>>> print(open('query.txt').read())   # compact mmCIF, N, CA and C atoms and all ligand atoms
# COMPACT_ATOMS: atom_id res chain seq x y z
N MET A 1 0.31 42.74 11.41
CA MET A 1 1.50 42.33 12.16
C MET A 1 2.62 42.07 11.15
N ASP A 2 3.76 42.66 11.42
CA ASP A 2 4.91 42.43 10.54
C ASP A 2 6.16 42.23 11.41
N ALA A 3 7.30 42.03 10.77
CA ALA A 3 8.53 41.71 11.51
C ALA A 3 8.89 42.78 12.55
N PRO A 4 8.85 44.08 12.21
CA PRO A 4 9.19 45.07 13.23
C PRO A 4 8.23 45.03 14.44
N GLN A 5 6.96 44.81 14.16
CA GLN A 5 5.99 44.73 15.27
C GLN A 5 6.26 43.50 16.14
N ILE A 6 6.57 42.39 15.50
CA ILE A 6 6.88 41.18 16.26
C ILE A 6 8.12 41.41 17.12
N ALA A 7 9.14 42.01 16.52
CA ALA A 7 10.38 42.26 17.26
C ALA A 7 10.14 43.15 18.47
N ARG A 8 9.22 44.11 18.35
CA ARG A 8 8.90 44.98 19.50
C ARG A 8 8.15 44.22 20.59
N CYS A 9 7.24 43.33 20.16
CA CYS A 9 6.41 42.60 21.13
C CYS A 9 7.15 41.43 21.76
N VAL A 10 8.05 40.81 21.01
CA VAL A 10 8.75 39.61 21.48
C VAL A 10 10.24 39.86 21.29
N PRO A 11 10.89 40.43 22.30
CA PRO A 11 12.30 40.83 22.15
C PRO A 11 13.24 39.69 21.74
N ASP A 12 13.03 38.49 22.21
CA ASP A 12 13.91 37.37 21.86
C ASP A 12 13.09 36.35 21.07
N ALA A 13 12.61 36.78 19.90
CA ALA A 13 11.66 35.99 19.11
C ALA A 13 12.18 34.61 18.73
N GLY A 14 13.49 34.49 18.56
CA GLY A 14 14.07 33.21 18.15
C GLY A 14 13.94 32.11 19.19
N LYS A 15 13.72 32.48 20.45
CA LYS A 15 13.61 31.49 21.52
C LYS A 15 12.16 31.19 21.90
N ALA A 16 11.22 31.95 21.33
CA ALA A 16 9.80 31.77 21.66
C ALA A 16 9.16 30.75 20.72
N ILE A 17 8.05 30.19 21.16
CA ILE A 17 7.19 29.39 20.29
C ILE A 17 6.10 30.33 19.79
N HIS A 18 5.93 30.40 18.49
CA HIS A 18 4.96 31.31 17.89
C HIS A 18 3.76 30.52 17.39
N LEU A 19 2.59 30.90 17.84
CA LEU A 19 1.35 30.23 17.45
C LEU A 19 0.54 31.18 16.57
N ILE A 20 0.23 30.73 15.37
CA ILE A 20 -0.48 31.58 14.40
C ILE A 20 -1.82 30.93 14.07
N CYS A 21 -2.85 31.73 14.04
CA CYS A 21 -4.16 31.26 13.61
C CYS A 21 -4.77 32.32 12.71
N GLY A 22 -5.17 31.94 11.52
CA GLY A 22 -5.78 32.90 10.61
C GLY A 22 -5.77 32.39 9.19
N PRO A 23 -6.11 33.26 8.25
CA PRO A 23 -6.15 32.84 6.85
C PRO A 23 -4.76 32.49 6.31
N GLY A 24 -4.72 31.62 5.30
CA GLY A 24 -3.46 31.14 4.73
C GLY A 24 -2.47 32.22 4.38
N PRO A 25 -2.87 33.27 3.65
CA PRO A 25 -1.90 34.32 3.29
C PRO A 25 -1.29 35.00 4.52
N MET A 26 -2.10 35.19 5.57
CA MET A 26 -1.56 35.79 6.79
C MET A 26 -0.55 34.85 7.44
N ILE A 27 -0.87 33.57 7.47
CA ILE A 27 0.06 32.59 8.06
C ILE A 27 1.38 32.60 7.29
N GLU A 28 1.29 32.58 5.97
CA GLU A 28 2.51 32.59 5.15
C GLU A 28 3.31 33.87 5.37
N SER A 29 2.64 35.01 5.47
CA SER A 29 3.31 36.28 5.69
C SER A 29 4.03 36.29 7.04
N LEU A 30 3.37 35.78 8.07
CA LEU A 30 3.99 35.76 9.40
C LEU A 30 5.13 34.75 9.46
N GLN A 31 5.00 33.63 8.77
CA GLN A 31 6.11 32.66 8.73
C GLN A 31 7.34 33.32 8.13
N GLU A 32 7.13 34.07 7.05
CA GLU A 32 8.25 34.75 6.40
C GLU A 32 8.85 35.80 7.34
N ALA A 33 7.99 36.57 8.00
CA ALA A 33 8.48 37.60 8.92
C ALA A 33 9.26 36.97 10.07
N LEU A 34 8.73 35.90 10.63
CA LEU A 34 9.42 35.23 11.74
C LEU A 34 10.74 34.63 11.27
N GLY A 35 10.73 34.05 10.08
CA GLY A 35 11.99 33.52 9.52
C GLY A 35 13.03 34.61 9.39
N GLY A 36 12.59 35.80 8.98
CA GLY A 36 13.49 36.94 8.85
C GLY A 36 14.06 37.40 10.18
N LEU A 37 13.34 37.07 11.26
CA LEU A 37 13.82 37.42 12.60
C LEU A 37 14.68 36.30 13.20
N GLY A 38 14.92 35.26 12.41
CA GLY A 38 15.77 34.16 12.88
C GLY A 38 15.03 33.10 13.67
N VAL A 39 13.71 33.07 13.55
CA VAL A 39 12.95 32.05 14.27
C VAL A 39 13.01 30.74 13.47
N PRO A 40 13.51 29.67 14.09
CA PRO A 40 13.56 28.38 13.38
C PRO A 40 12.16 27.88 13.06
N PRO A 41 11.99 27.18 11.93
CA PRO A 41 10.65 26.69 11.54
C PRO A 41 9.98 25.85 12.62
N ASP A 42 10.76 25.10 13.41
CA ASP A 42 10.11 24.25 14.41
C ASP A 42 9.58 25.05 15.61
N ARG A 43 9.79 26.36 15.63
CA ARG A 43 9.22 27.20 16.69
C ARG A 43 8.02 28.00 16.18
N ILE A 44 7.60 27.70 14.96
CA ILE A 44 6.43 28.37 14.39
C ILE A 44 5.33 27.33 14.21
N ARG A 45 4.22 27.53 14.89
CA ARG A 45 3.09 26.60 14.82
C ARG A 45 1.86 27.36 14.36
N PHE A 46 1.00 26.68 13.65
CA PHE A 46 -0.22 27.35 13.21
C PHE A 46 -1.31 26.32 13.00
N GLU A 47 -2.51 26.80 13.04
CA GLU A 47 -3.65 25.92 12.79
C GLU A 47 -3.84 25.83 11.29
N ALA A 48 -3.95 24.62 10.82
CA ALA A 48 -4.19 24.38 9.39
C ALA A 48 -5.55 23.71 9.27
N PHE A 49 -6.33 24.19 8.36
CA PHE A 49 -7.66 23.66 8.23
C PHE A 49 -7.81 22.78 7.00
N GLU A 50 -6.68 22.26 6.52
CA GLU A 50 -6.75 21.33 5.41
C GLU A 50 -7.01 19.94 5.96
N SER A 51 -7.56 19.10 5.15
CA SER A 51 -7.89 17.76 5.58
C SER A 51 -6.71 16.81 5.42
N ALA A 52 -6.28 16.22 6.53
CA ALA A 52 -5.21 15.22 6.44
C ALA A 52 -5.67 14.02 5.64
N VAL A 53 -6.96 13.71 5.74
CA VAL A 53 -7.49 12.58 5.00
C VAL A 53 -7.37 12.82 3.51
N ALA A 54 -7.71 14.02 3.07
CA ALA A 54 -7.61 14.32 1.65
C ALA A 54 -6.18 14.24 1.18
N THR A 55 -5.24 14.72 2.00
CA THR A 55 -3.83 14.69 1.61
C THR A 55 -3.34 13.25 1.51
N ALA A 56 -3.67 12.46 2.52
CA ALA A 56 -3.21 11.07 2.51
C ALA A 56 -3.83 10.29 1.37
N SER A 57 -5.05 10.66 0.97
CA SER A 57 -5.72 9.90 -0.07
C SER A 57 -5.05 10.09 -1.42
N GLU A 58 -4.17 11.10 -1.54
CA GLU A 58 -3.45 11.28 -2.78
C GLU A 58 -2.43 10.16 -3.00
N ALA A 59 -2.03 9.52 -1.92
CA ALA A 59 -1.06 8.43 -2.03
C ALA A 59 -1.72 7.22 -2.67
N VAL A 60 -0.90 6.42 -3.28
CA VAL A 60 -1.41 5.25 -3.98
C VAL A 60 -1.61 4.10 -3.00
N ALA A 61 -2.83 3.59 -2.96
CA ALA A 61 -3.12 2.38 -2.18
C ALA A 61 -3.36 1.28 -3.21
N ASP A 62 -2.28 0.68 -3.68
CA ASP A 62 -2.36 -0.25 -4.82
C ASP A 62 -2.15 -1.70 -4.42
N GLY A 63 -2.28 -2.00 -3.15
CA GLY A 63 -2.11 -3.38 -2.70
C GLY A 63 -0.68 -3.72 -2.34
N SER A 64 0.24 -2.80 -2.56
CA SER A 64 1.64 -3.06 -2.21
C SER A 64 1.83 -2.95 -0.70
N THR A 65 2.86 -3.63 -0.19
CA THR A 65 3.23 -3.49 1.22
C THR A 65 4.72 -3.18 1.31
N TRP A 66 5.07 -2.43 2.31
CA TRP A 66 6.46 -1.98 2.48
C TRP A 66 6.89 -2.13 3.92
N GLU A 67 8.15 -2.49 4.12
CA GLU A 67 8.71 -2.56 5.47
C GLU A 67 9.27 -1.19 5.83
N ILE A 68 8.86 -0.68 6.98
CA ILE A 68 9.35 0.60 7.48
C ILE A 68 10.19 0.32 8.71
N ARG A 69 11.46 0.69 8.65
CA ARG A 69 12.38 0.48 9.76
C ARG A 69 12.68 1.83 10.43
N PHE A 70 12.90 1.77 11.74
CA PHE A 70 13.18 2.96 12.53
C PHE A 70 14.56 2.77 13.15
N ALA A 71 15.54 3.49 12.60
CA ALA A 71 16.94 3.22 12.89
C ALA A 71 17.28 3.39 14.36
N GLN A 72 16.79 4.43 15.01
CA GLN A 72 17.18 4.68 16.40
C GLN A 72 16.51 3.73 17.38
N SER A 73 15.24 3.45 17.16
CA SER A 73 14.52 2.58 18.09
C SER A 73 14.74 1.11 17.79
N GLY A 74 15.15 0.82 16.55
CA GLY A 74 15.36 -0.57 16.16
C GLY A 74 14.07 -1.31 15.84
N SER A 75 12.95 -0.60 15.86
CA SER A 75 11.67 -1.26 15.56
C SER A 75 11.38 -1.19 14.08
N SER A 76 10.39 -1.95 13.66
CA SER A 76 9.97 -1.93 12.26
C SER A 76 8.53 -2.40 12.18
N THR A 77 7.92 -2.13 11.05
CA THR A 77 6.56 -2.59 10.80
C THR A 77 6.37 -2.70 9.29
N THR A 78 5.39 -3.46 8.89
CA THR A 78 5.04 -3.58 7.48
C THR A 78 3.69 -2.90 7.29
N VAL A 79 3.62 -2.02 6.29
CA VAL A 79 2.39 -1.26 6.06
C VAL A 79 1.95 -1.37 4.61
N ALA A 80 0.67 -1.13 4.38
CA ALA A 80 0.13 -1.10 3.03
C ALA A 80 0.47 0.24 2.37
N GLY A 81 0.59 0.22 1.04
CA GLY A 81 0.77 1.47 0.31
C GLY A 81 -0.37 2.41 0.67
N GLY A 82 -0.07 3.70 0.78
CA GLY A 82 -1.08 4.67 1.18
C GLY A 82 -1.08 4.95 2.67
N THR A 83 -0.32 4.18 3.44
CA THR A 83 -0.17 4.43 4.88
C THR A 83 0.91 5.49 5.07
N THR A 84 0.65 6.49 5.88
CA THR A 84 1.68 7.50 6.09
C THR A 84 2.79 6.93 6.99
N LEU A 85 3.96 7.50 6.86
CA LEU A 85 5.09 7.09 7.71
C LEU A 85 4.80 7.41 9.17
N LEU A 86 4.03 8.46 9.44
CA LEU A 86 3.66 8.79 10.82
C LEU A 86 2.77 7.69 11.40
N ASP A 87 1.80 7.24 10.63
CA ASP A 87 0.95 6.14 11.10
C ASP A 87 1.79 4.88 11.33
N ALA A 88 2.74 4.62 10.44
CA ALA A 88 3.61 3.46 10.60
C ALA A 88 4.43 3.57 11.88
N ALA A 89 4.94 4.78 12.15
CA ALA A 89 5.74 4.99 13.37
C ALA A 89 4.91 4.75 14.61
N GLU A 90 3.67 5.19 14.59
CA GLU A 90 2.80 5.00 15.75
C GLU A 90 2.51 3.52 15.97
N VAL A 91 2.30 2.79 14.90
CA VAL A 91 2.06 1.35 15.01
C VAL A 91 3.30 0.65 15.57
N ALA A 92 4.48 1.09 15.14
CA ALA A 92 5.73 0.45 15.55
C ALA A 92 6.24 0.93 16.90
N GLY A 93 5.57 1.92 17.49
CA GLY A 93 6.02 2.44 18.78
C GLY A 93 7.27 3.28 18.67
N ALA A 94 7.47 3.92 17.53
CA ALA A 94 8.62 4.81 17.32
C ALA A 94 8.08 6.24 17.33
N PRO A 95 8.25 6.98 18.42
CA PRO A 95 7.57 8.27 18.55
C PRO A 95 8.08 9.34 17.59
N ILE A 96 7.14 9.99 16.93
CA ILE A 96 7.42 11.17 16.12
C ILE A 96 6.38 12.21 16.53
N ASP A 97 6.84 13.41 16.94
CA ASP A 97 5.91 14.47 17.31
C ASP A 97 5.09 14.89 16.10
N SER A 98 3.86 15.27 16.30
CA SER A 98 3.02 15.75 15.21
C SER A 98 2.01 16.75 15.75
N MET A 99 1.50 17.57 14.86
CA MET A 99 0.43 18.50 15.22
C MET A 99 -0.66 18.50 14.15
N CYS A 100 -0.40 19.11 13.00
CA CYS A 100 -1.47 19.31 12.02
C CYS A 100 -1.86 18.02 11.30
N ARG A 101 -0.94 17.13 11.14
CA ARG A 101 -1.14 15.88 10.38
C ARG A 101 -1.63 16.15 8.96
N ALA A 102 -1.23 17.28 8.41
CA ALA A 102 -1.65 17.66 7.06
C ALA A 102 -0.51 18.24 6.24
N GLY A 103 0.73 18.13 6.73
CA GLY A 103 1.87 18.59 5.94
C GLY A 103 2.11 20.08 5.96
N THR A 104 1.56 20.77 6.94
CA THR A 104 1.73 22.22 6.92
C THR A 104 2.51 22.81 8.09
N CYS A 105 2.62 22.12 9.22
CA CYS A 105 3.27 22.74 10.39
C CYS A 105 4.75 22.38 10.51
N GLY A 106 5.17 21.25 9.98
CA GLY A 106 6.57 20.83 10.03
C GLY A 106 6.96 20.07 11.28
N THR A 107 6.06 19.88 12.20
CA THR A 107 6.40 19.22 13.47
C THR A 107 6.89 17.79 13.27
N CYS A 108 6.35 17.08 12.31
CA CYS A 108 6.69 15.65 12.12
C CYS A 108 7.90 15.45 11.22
N ARG A 109 8.59 16.52 10.89
CA ARG A 109 9.77 16.46 10.01
C ARG A 109 10.76 15.43 10.53
N THR A 110 11.15 14.52 9.67
CA THR A 110 12.04 13.43 10.05
C THR A 110 12.95 13.12 8.85
N ARG A 111 14.17 12.67 9.14
CA ARG A 111 15.09 12.36 8.05
C ARG A 111 14.85 10.94 7.54
N LEU A 112 14.69 10.83 6.23
CA LEU A 112 14.55 9.54 5.56
C LEU A 112 15.96 9.02 5.25
N VAL A 113 16.34 7.95 5.91
CA VAL A 113 17.69 7.39 5.73
C VAL A 113 17.79 6.67 4.39
N SER A 114 16.75 5.91 4.05
CA SER A 114 16.73 5.22 2.76
C SER A 114 15.30 4.96 2.35
N GLY A 115 15.12 4.77 1.07
CA GLY A 115 13.81 4.46 0.54
C GLY A 115 13.22 5.61 -0.26
N LYS A 116 12.07 5.32 -0.87
CA LYS A 116 11.37 6.32 -1.68
C LYS A 116 9.99 6.55 -1.09
N VAL A 117 9.57 7.82 -1.09
CA VAL A 117 8.24 8.16 -0.58
C VAL A 117 7.56 9.10 -1.56
N GLU A 118 6.25 9.23 -1.41
CA GLU A 118 5.52 10.26 -2.14
C GLU A 118 4.63 10.99 -1.15
N GLY A 119 4.37 12.25 -1.46
CA GLY A 119 3.61 13.11 -0.56
C GLY A 119 4.57 14.06 0.12
N GLU A 120 4.56 15.33 -0.28
CA GLU A 120 5.57 16.27 0.22
C GLU A 120 5.06 17.22 1.29
N GLY A 121 3.79 17.64 1.23
CA GLY A 121 3.31 18.66 2.15
C GLY A 121 3.89 20.02 1.79
N LYS A 122 3.60 21.00 2.63
CA LYS A 122 4.00 22.38 2.33
C LYS A 122 5.06 22.92 3.28
N ALA A 123 5.38 22.20 4.33
CA ALA A 123 6.22 22.77 5.38
C ALA A 123 7.72 22.61 5.15
N LEU A 124 8.12 21.94 4.08
CA LEU A 124 9.55 21.76 3.83
C LEU A 124 10.00 22.61 2.65
N LYS A 125 11.19 23.14 2.76
CA LYS A 125 11.79 23.83 1.63
C LYS A 125 12.48 22.80 0.75
N GLN A 126 12.74 23.18 -0.49
CA GLN A 126 13.37 22.26 -1.44
C GLN A 126 14.71 21.76 -0.90
N LYS A 127 15.48 22.64 -0.26
CA LYS A 127 16.78 22.23 0.26
C LYS A 127 16.63 21.18 1.37
N ASP A 128 15.53 21.28 2.14
CA ASP A 128 15.27 20.26 3.17
C ASP A 128 14.97 18.91 2.52
N ARG A 129 14.13 18.94 1.49
CA ARG A 129 13.80 17.67 0.79
C ARG A 129 15.06 17.06 0.18
N GLU A 130 15.89 17.91 -0.40
CA GLU A 130 17.13 17.42 -1.01
C GLU A 130 18.07 16.83 0.04
N ALA A 131 17.96 17.32 1.28
CA ALA A 131 18.80 16.81 2.37
C ALA A 131 18.20 15.56 3.01
N GLY A 132 17.04 15.11 2.49
CA GLY A 132 16.47 13.86 2.97
C GLY A 132 15.38 13.99 4.01
N TRP A 133 14.93 15.21 4.29
CA TRP A 133 13.85 15.39 5.26
C TRP A 133 12.51 15.10 4.60
N VAL A 134 11.61 14.49 5.34
CA VAL A 134 10.25 14.25 4.87
C VAL A 134 9.27 14.66 5.96
N LEU A 135 8.05 14.93 5.55
CA LEU A 135 6.96 15.17 6.51
C LEU A 135 6.21 13.85 6.64
N THR A 136 6.42 13.20 7.76
CA THR A 136 5.91 11.83 7.90
C THR A 136 4.39 11.76 7.93
N CYS A 137 3.72 12.87 8.20
CA CYS A 137 2.25 12.83 8.25
C CYS A 137 1.63 12.76 6.86
N VAL A 138 2.37 13.11 5.83
CA VAL A 138 1.83 13.06 4.47
C VAL A 138 2.67 12.17 3.54
N ALA A 139 3.86 11.78 3.97
CA ALA A 139 4.72 10.95 3.13
C ALA A 139 4.33 9.47 3.28
N CYS A 140 4.08 8.84 2.15
CA CYS A 140 3.75 7.42 2.13
C CYS A 140 4.85 6.67 1.40
N PRO A 141 5.17 5.46 1.85
CA PRO A 141 6.27 4.73 1.23
C PRO A 141 5.95 4.28 -0.18
N ARG A 142 6.97 4.30 -1.02
CA ARG A 142 6.90 3.71 -2.36
C ARG A 142 7.99 2.66 -2.52
N SER A 143 8.62 2.31 -1.40
CA SER A 143 9.61 1.24 -1.34
C SER A 143 9.78 0.94 0.16
N ASP A 144 10.57 -0.06 0.51
CA ASP A 144 10.95 -0.23 1.91
C ASP A 144 11.70 1.04 2.32
N CYS A 145 11.52 1.47 3.55
CA CYS A 145 12.11 2.74 4.01
C CYS A 145 12.76 2.56 5.38
N THR A 146 13.75 3.39 5.64
CA THR A 146 14.33 3.51 6.97
C THR A 146 14.30 4.99 7.36
N LEU A 147 13.76 5.24 8.57
CA LEU A 147 13.69 6.61 9.09
C LEU A 147 14.67 6.76 10.26
N ASP A 148 15.19 7.97 10.44
CA ASP A 148 16.12 8.26 11.52
C ASP A 148 15.33 8.58 12.80
N VAL A 149 14.65 7.60 13.29
CA VAL A 149 13.82 7.74 14.51
C VAL A 149 14.13 6.57 15.40
S1 LIG B 1 2.31 17.04 11.68
FE1 LIG B 1 2.32 18.99 10.74
S2 LIG B 1 3.53 18.70 8.95
FE2 LIG B 1 3.30 16.72 9.78
>>> encode(input="query.txt", output="structure tokens")
Amino acid sequence: MDAPQIARCVPDAGKAIHLICGPGPMIESLQEALGGLGVPPDRIRFEAFESAVATASEAVADGSTWEIRFAQSGSSTTVAGGTTLLDAAEVAGAPIDSMCRAGTCGTCRTRLVSGKVEGEGKALKQKDREAGWVLTCVACPRSDCTLDV
């Protein structure tokens, strides 16, 4: 399957939700092809078989605690280091959509208003990270943080 085949099968590909299941190189190839057809990243979904637990365990759980504020909902919570921002949002009742919970689908992409995090995942481009976007399912606080949720 390549971009011309997708364009033939899905005439208005940019408005469809694309679901991909298969080996990593195939997923990456189809993401690139769909991007070339103008499909926004949030309309491309795929099954990822990486462990969210393994990804989250890369974060430091050093006994530190951080306050996580949610600008739109006005809620906040205090979490231990190593807690993902997505888990913090769920505890605080600030909804963030998620799917893979492993940093690969991009569904949980949220703008970090302030603070420092670690854990990048694979679904963001460098320009997105520079613009303040984080993947909340793998990003853990390294300071007090405020999210645009
Ligand atoms: S839920 Fe998939 S990248 Fe966060």
>>> closest_atom_pairs(input="query.txt", of="chain A", to="ligand LIG 1 (chain B)", cutoff="6 Å", atoms="all atoms listed in the file", output="CSV")
residue,atom,partner,partner_atom,distance
A:Asp97,C,B:LIG1,S1,5.6
A:Ser98,CA,B:LIG1,S1,3.8
A:Met99,N,B:LIG1,S1,3.3
A:Cys100,N,B:LIG1,FE1,3.5
A:Arg101,N,B:LIG1,S1,3.3
A:Ala102,N,B:LIG1,FE1,4.6
A:Gly103,CA,B:LIG1,S2,3.4
A:Thr104,N,B:LIG1,S2,3.5
A:Cys105,N,B:LIG1,FE1,3.5
A:Gly106,N,B:LIG1,S2,3.2
A:Thr107,N,B:LIG1,FE1,4.1
A:Cys108,N,B:LIG1,FE2,4.0
A:Arg109,N,B:LIG1,FE2,5.4
A:Leu135,CA,B:LIG1,FE2,5.1
A:Thr136,N,B:LIG1,FE2,5.1
A:Cys137,N,B:LIG1,FE2,4.2
A:Val138,N,B:LIG1,FE2,5.4
>>> closest_residue(input="query.txt", among="A:Ala88, A:Pro4, A:Pro41, A:Lys127", to="A:Leu19", atoms="only C-alpha atoms")
A:Pro41
>>> select_by_dssp(input="query.txt", residues="chain A", states="helix (DSSP H, G or I)", output="PyMOL selection string")
chain A and resi 3-9+13-15+24-36+41-43+52-56+85-92+126-130
>>> residues_around(input="query.txt", residues="A:Arg111", least_positions_apart="5", cutoff="9 Å", atoms="only C-alpha atoms", output="MDAnalysis selection string")
chainID A and resid 131:135 146:149
>>> select_by_dssp(input="query.txt", residues="stretch 16-114 of chain A", states="strand (DSSP E)", output="compact mmCIF listing (two decimals) with N, CA and C atoms, in the frame of the given file")
# COMPACT_ATOMS: atom_id res chain seq x y z
N HIS A 18 5.93 30.40 18.49
CA HIS A 18 4.96 31.31 17.89
C HIS A 18 3.76 30.52 17.39
N LEU A 19 2.59 30.90 17.84
CA LEU A 19 1.35 30.23 17.45
C LEU A 19 0.54 31.18 16.57
N ILE A 20 0.23 30.73 15.37
CA ILE A 20 -0.48 31.58 14.40
C ILE A 20 -1.82 30.93 14.07
N ILE A 44 7.60 27.70 14.96
CA ILE A 44 6.43 28.37 14.39
C ILE A 44 5.33 27.33 14.21
N ARG A 45 4.22 27.53 14.89
CA ARG A 45 3.09 26.60 14.82
C ARG A 45 1.86 27.36 14.36
N PHE A 46 1.00 26.68 13.65
CA PHE A 46 -0.22 27.35 13.21
C PHE A 46 -1.31 26.32 13.00
N THR A 65 2.86 -3.63 -0.19
CA THR A 65 3.23 -3.49 1.22
C THR A 65 4.72 -3.18 1.31
N TRP A 66 5.07 -2.43 2.31
CA TRP A 66 6.46 -1.98 2.48
C TRP A 66 6.89 -2.13 3.92
N GLU A 67 8.15 -2.49 4.12
CA GLU A 67 8.71 -2.56 5.47
C GLU A 67 9.27 -1.19 5.83
N ILE A 68 8.86 -0.68 6.98
CA ILE A 68 9.35 0.60 7.48
C ILE A 68 10.19 0.32 8.71
N ARG A 69 11.46 0.69 8.65
CA ARG A 69 12.38 0.48 9.76
C ARG A 69 12.68 1.83 10.43
N PHE A 70 12.90 1.77 11.74
CA PHE A 70 13.18 2.96 12.53
C PHE A 70 14.56 2.77 13.15
N SER A 76 10.39 -1.95 13.66
CA SER A 76 9.97 -1.93 12.26
C SER A 76 8.53 -2.40 12.18
N THR A 77 7.92 -2.13 11.05
CA THR A 77 6.56 -2.59 10.80
C THR A 77 6.37 -2.70 9.29
N THR A 78 5.39 -3.46 8.89
CA THR A 78 5.04 -3.58 7.48
C THR A 78 3.69 -2.90 7.29
N VAL A 79 3.62 -2.02 6.29
CA VAL A 79 2.39 -1.26 6.06
C VAL A 79 1.95 -1.37 4.61
N ALA A 80 0.67 -1.13 4.38
CA ALA A 80 0.13 -1.10 3.03
C ALA A 80 0.47 0.24 2.37
N ARG A 109 8.59 16.52 10.89
CA ARG A 109 9.77 16.46 10.01
C ARG A 109 10.76 15.43 10.53
N THR A 110 11.15 14.52 9.67
CA THR A 110 12.04 13.43 10.05
C THR A 110 12.95 13.12 8.85
N ARG A 111 14.17 12.67 9.14
CA ARG A 111 15.09 12.36 8.05
C ARG A 111 14.85 10.94 7.54
N LEU A 112 14.69 10.83 6.23
CA LEU A 112 14.55 9.54 5.56
C LEU A 112 15.96 9.02 5.25
N VAL A 113 16.34 7.95 5.91
CA VAL A 113 17.69 7.39 5.73
C VAL A 113 17.79 6.67 4.39
N SER A 114 16.75 5.91 4.05
CA SER A 114 16.73 5.22 2.76
C SER A 114 15.30 4.96 2.35
>>> atom_distance(input="query.txt", atom1="atom C of A:Ala80", atom2="atom C of A:Thr110")
19.1 Å
>>> atom_distance(input="query.txt", atom1="atom C of A:Trp66", atom2="atom CA of A:Glu120")
18.8 Å
>>> residues_around(input="query.txt", residues="stretch 24-40 of chain A", least_positions_apart="4", cutoff="5 Å", atoms="only N, CA and C atoms", output="ChimeraX atom specification")
/A:3,14,44
>>> atom_distance(input="query.txt", atom1="atom N of A:Thr84", atom2="atom CA of A:Asp128")
20.3 Å
>>> closest_residue(input="query.txt", among="A:Val113, A:Ile6, A:Ala71, A:Ala123", to="A:Ala94", atoms="only C-alpha atoms")
A:Ala71
>>> closest_residue(input="query.txt", among="A:Met1, A:Glu47, A:Ser64, A:Asp42", to="A:Gly22", atoms="all atoms listed in the file")
A:Glu47
